[in-house]
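Enquirer: Pasting in a structure now, in structure tokens, and then I'll have a few things to ask.
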Amino acid sequence: MAIRSNHDAQRVLQFGKKESGPRRFDNQPSQPHTNAPQQSDISVRPYHLLESNALAGFAERIELRFPESSFVQPGAVKLVLRRLFRAENTDQPIYLAVDKRSGKKLGALQCRQQPADDRWHLQFMAIHECDLSDFEIPVALLEHAVGEAGSRGARRILARVDVDSPIAAAMRAVGFAAYTREQVCLIHDRAVAHLDQRVRSQQKSDVWGVHQLYLHTTPREVQTAEALTSHAWDVDTEGRTQRGWFVANNGDISAFIRVRTERHFHVLDVMTTPMDRADVASLLGSVLLALRSETSRPIYLLLRGYQADLSSSLAEYIGEPVAEQFLMVKYTTVPAARRAAETFELLRPVESDPQRVPSFYVRDIHEQC
């Protein structure tokens, strides 16, 4: 997987040197490891207090939510507080795969839960370098995470997987399915920012209009997988983590850019109607003007497969994609199939014997004589 920027390079190097070419689980023959543990020999458990340095021993780290995946290794004080007040029910749980026989730590998986809308996001997976080609380790980690998510009420688990990632085959084996592709583009530092008078910043009253734009411009299968409500477009009251700018035509929002701000970078999502794609370039220029007035940070723009034609309109702002990835989803609940109703008769109808109609008339005995 390519290193995207300087801050990403520092995050990758702390786990060790990465190899030059991608490695896959499927379609590539490899020699089996004689000492590789089978799935029955692997136990998965939460990351706990005495393992604060366990993750430093993994040489391979694969991001599953780039560019937003943020590895947070809890310190000792934070872990103690979690144990005392929140137990293991953290918003970013980490699970370790351990060999039952030797106690060797084989891999780790970090998730991020969003209880507000019943979903989890996979953040990253770290596998010991010599065990990267073992299919059992990532499968054990993923199956454990799916079980934990379901037990905590999550209905779906989302992940972004590089198209060349060796974890893609393991995720498909567990039940993850890709619902679209996505390109991650880095905004040029030399891109000229300019102000368009039509551009407005998003307010709380604009949330419903943004959601209607999402419903009209997003394919149905993507909407089903993401299951977003209008709250997904809520604006941060302080404008620090999530903001938005848009262009409106005839009272309806026609082009929209959402900005999600992380500690070291910004992430931009774009939506527009087919007839208003020309407004996206001027909208992006206004957004860049607002962001560059703040602290200098890398700015990523996400373009999905059904938005590929926007790359030509934004050529002056972006270059070649720094990453291309699958957006994948795994449901923790399976709808039960309704069986067709069948009618059958337990007893055959039998015709009853004729009976005399009851009467209150009593025939006089003298009439019979």
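By convention in this document, the chains of the structure tokens carry letters A, B, ... by their order, each chain's residues are numbered from 1, and ligands are numbered from 1 in the order they are shown.
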Write out as a ChimeraX atom specification all residues of segment 42-272 of chain A that backbone DSSP assigns to strand (DSSP E).

Expert: /A:42-46,60-63,94-99,105-114,119-127,156-162,177-186,200-201,242-249,252-261,266-272

Enquirer: For Val146 of chain A, list every protein, DNA or RNA residue within 12 Å, evaluated using only C-alpha atoms, and leave out those in the same chain fewer than 6 positions away; present the list as an NGL selection string.

Expert: :A and (95 or 109 or 111 or 113 or 119-122 or 139-140 or 152-158 or 171 or 174-176 or 329-333)

Enquirer: Extract, using only C-alpha atoms, all DNA, RNA and protein residues at most 7 Å from segment 61-64 of chain A, discarding same-chain residues fewer than 6 positions from it, and format them as a list of chain:residue names.

Expert: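 Everything that qualifies: A:Phe15, A:Leu122, A:Gln123, A:Phe124, A:Met125, A:Ala126, A:Ile127, A:Ala159, A:Arg160, A:Val161.
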
Enquirer: Taking only C-alpha atoms into account, which of A:Arg181, A:Arg101, A:Arg243, A:Arg190 comes nearest Gln203 of chain A?

Expert: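 That would be A:Arg243, the residue with the smallest distance to Gln203 of chain A.
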
Enquirer: Mind running segment 140-224 of chain A against segment 298-301 of chain A at 7 Å and telling me each contacting residue's nearest atom pair with the distance in Å (one decimal), counting only C-alpha atoms, chain and number ascending, as a tab-separated table?

Expert:
residue	atom	partner	partner_atom	distance
A:Val184	CA	A:Leu301	CA	5.9
A:Cys185	CA	A:Leu301	CA	5.1
A:Leu186	CA	A:Tyr300	CA	4.7
A:Ile187	CA	A:Ile299	CA	5.6

Enquirer: Could those residues be written to a file, using C-alpha atoms, as a PDB file, in the first residue's frame?

Expert:
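Result went into result.pdb, see below:
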ATOM      1  CA  VAL A 184      -8.724   9.356  -2.351  1.00  0.00           C
ATOM      2  CA  CYS A 185      -7.248  12.481  -3.937  1.00  0.00           C
ATOM      3  CA  LEU A 186      -4.858  14.951  -2.328  1.00  0.00           C
ATOM      4  CA  ILE A 187      -5.547  18.635  -2.978  1.00  0.00           C
TER       5      ILE A 187
END

Enquirer: Which residues are close to Ala278 of chain A, i.e. within 10 Å by only C-alpha atoms, leaving aside same-chain residues fewer than 5 positions away? Reply as number ranges by chain.

Expert: A: 255, 272-273, 283, 310, 313-314

Enquirer: Now that the selection is made, can you save its residues with C-alpha atoms as a PDB file, in the first residue's frame?

Expert:
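So part01.pdb came out as:
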ATOM      1  CA  ALA A 255     -23.878  21.135  -4.877  1.00  0.00           C
ATOM      2  CA  THR A 272     -23.926  17.390  -6.747  1.00  0.00           C
ATOM      3  CA  THR A 273     -26.781  16.906  -9.162  1.00  0.00           C
ATOM      4  CA  LEU A 283     -17.572  25.554  -4.616  1.00  0.00           C
ATOM      5  CA  LEU A 310     -16.006  14.947 -11.453  1.00  0.00           C
ATOM      6  CA  SER A 313     -13.927  19.165 -13.600  1.00  0.00           C
ATOM      7  CA  LEU A 314     -11.574  19.312 -10.604  1.00  0.00           C
TER       8      LEU A 314
END

Enquirer: Considering only C-alpha atoms, tabulate each residue of segment 113-192 of chain A that lies at most 10 Å from segment 205-223 of chain A along with its nearest interatomic pair and the corresponding distance in Å to one decimal; arrange the rows by chain and ascending residue number and present them as a Markdown table.

Expert:
| residue | atom | partner | partner_atom | distance |
| --- | --- | --- | --- | --- |
| A:Ala178 | CA | A:Val222 | CA | 9.8 |
| A:Tyr179 | CA | A:Val222 | CA | 6.1 |
| A:Thr180 | CA | A:Val222 | CA | 7.1 |

Enquirer: Output N, CA and C atoms of each residue in that selection to a file, as a short mmCIF file (atom, residue, chain, number, x, y, z; two decimals), in the first residue's frame.

Expert:
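Output (selection_18.cif):
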data_model
loop_
_atom_site.label_atom_id
_atom_site.label_comp_id
_atom_site.auth_asym_id
_atom_site.auth_seq_id
_atom_site.Cartn_x
_atom_site.Cartn_y
_atom_site.Cartn_z
N ALA A 178 -18.46 -5.52 -1.00
CA ALA A 178 -18.18 -4.17 -1.50
C ALA A 178 -19.43 -3.60 -2.15
N TYR A 179 -19.78 -2.36 -1.79
CA TYR A 179 -20.96 -1.73 -2.39
C TYR A 179 -20.61 -0.56 -3.30
N THR A 180 -19.36 -0.11 -3.31
CA THR A 180 -18.88 0.87 -4.28
C THR A 180 -17.37 1.00 -4.13
#

Enquirer: Using only C-alpha atoms for the distances, tell me which of A:Arg260, A:His188, A:Lys105, A:Lys204 is nearest to His231 of chain A.

Expert: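 Residue with the minimum atom-to-atom distance to His231 of chain A: A:Lys204.
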
Enquirer: Give me the residues within 8 Å of Glu262 of chain A as a count of residues only, counting only C-alpha atoms and dropping any in the same chain fewer than 5 places off.

Expert: 3

Enquirer: Can you list every residue in segment 95-266 of chain A that DSSP puts in helix (DSSP H, G or I), as a VMD selection string?

Expert: chain A and resid 129 to 131 136 to 151 168 to 174 204 to 217 220 to 226 230 to 233

Enquirer: Give the answer as one residue: which of A:Asp162, A:Ala232, A:Asp276, A:Leu288 has the shortest atom-to-atom distance to Val322 of chain A, using only C-alpha atoms?

Expert: A:Asp162
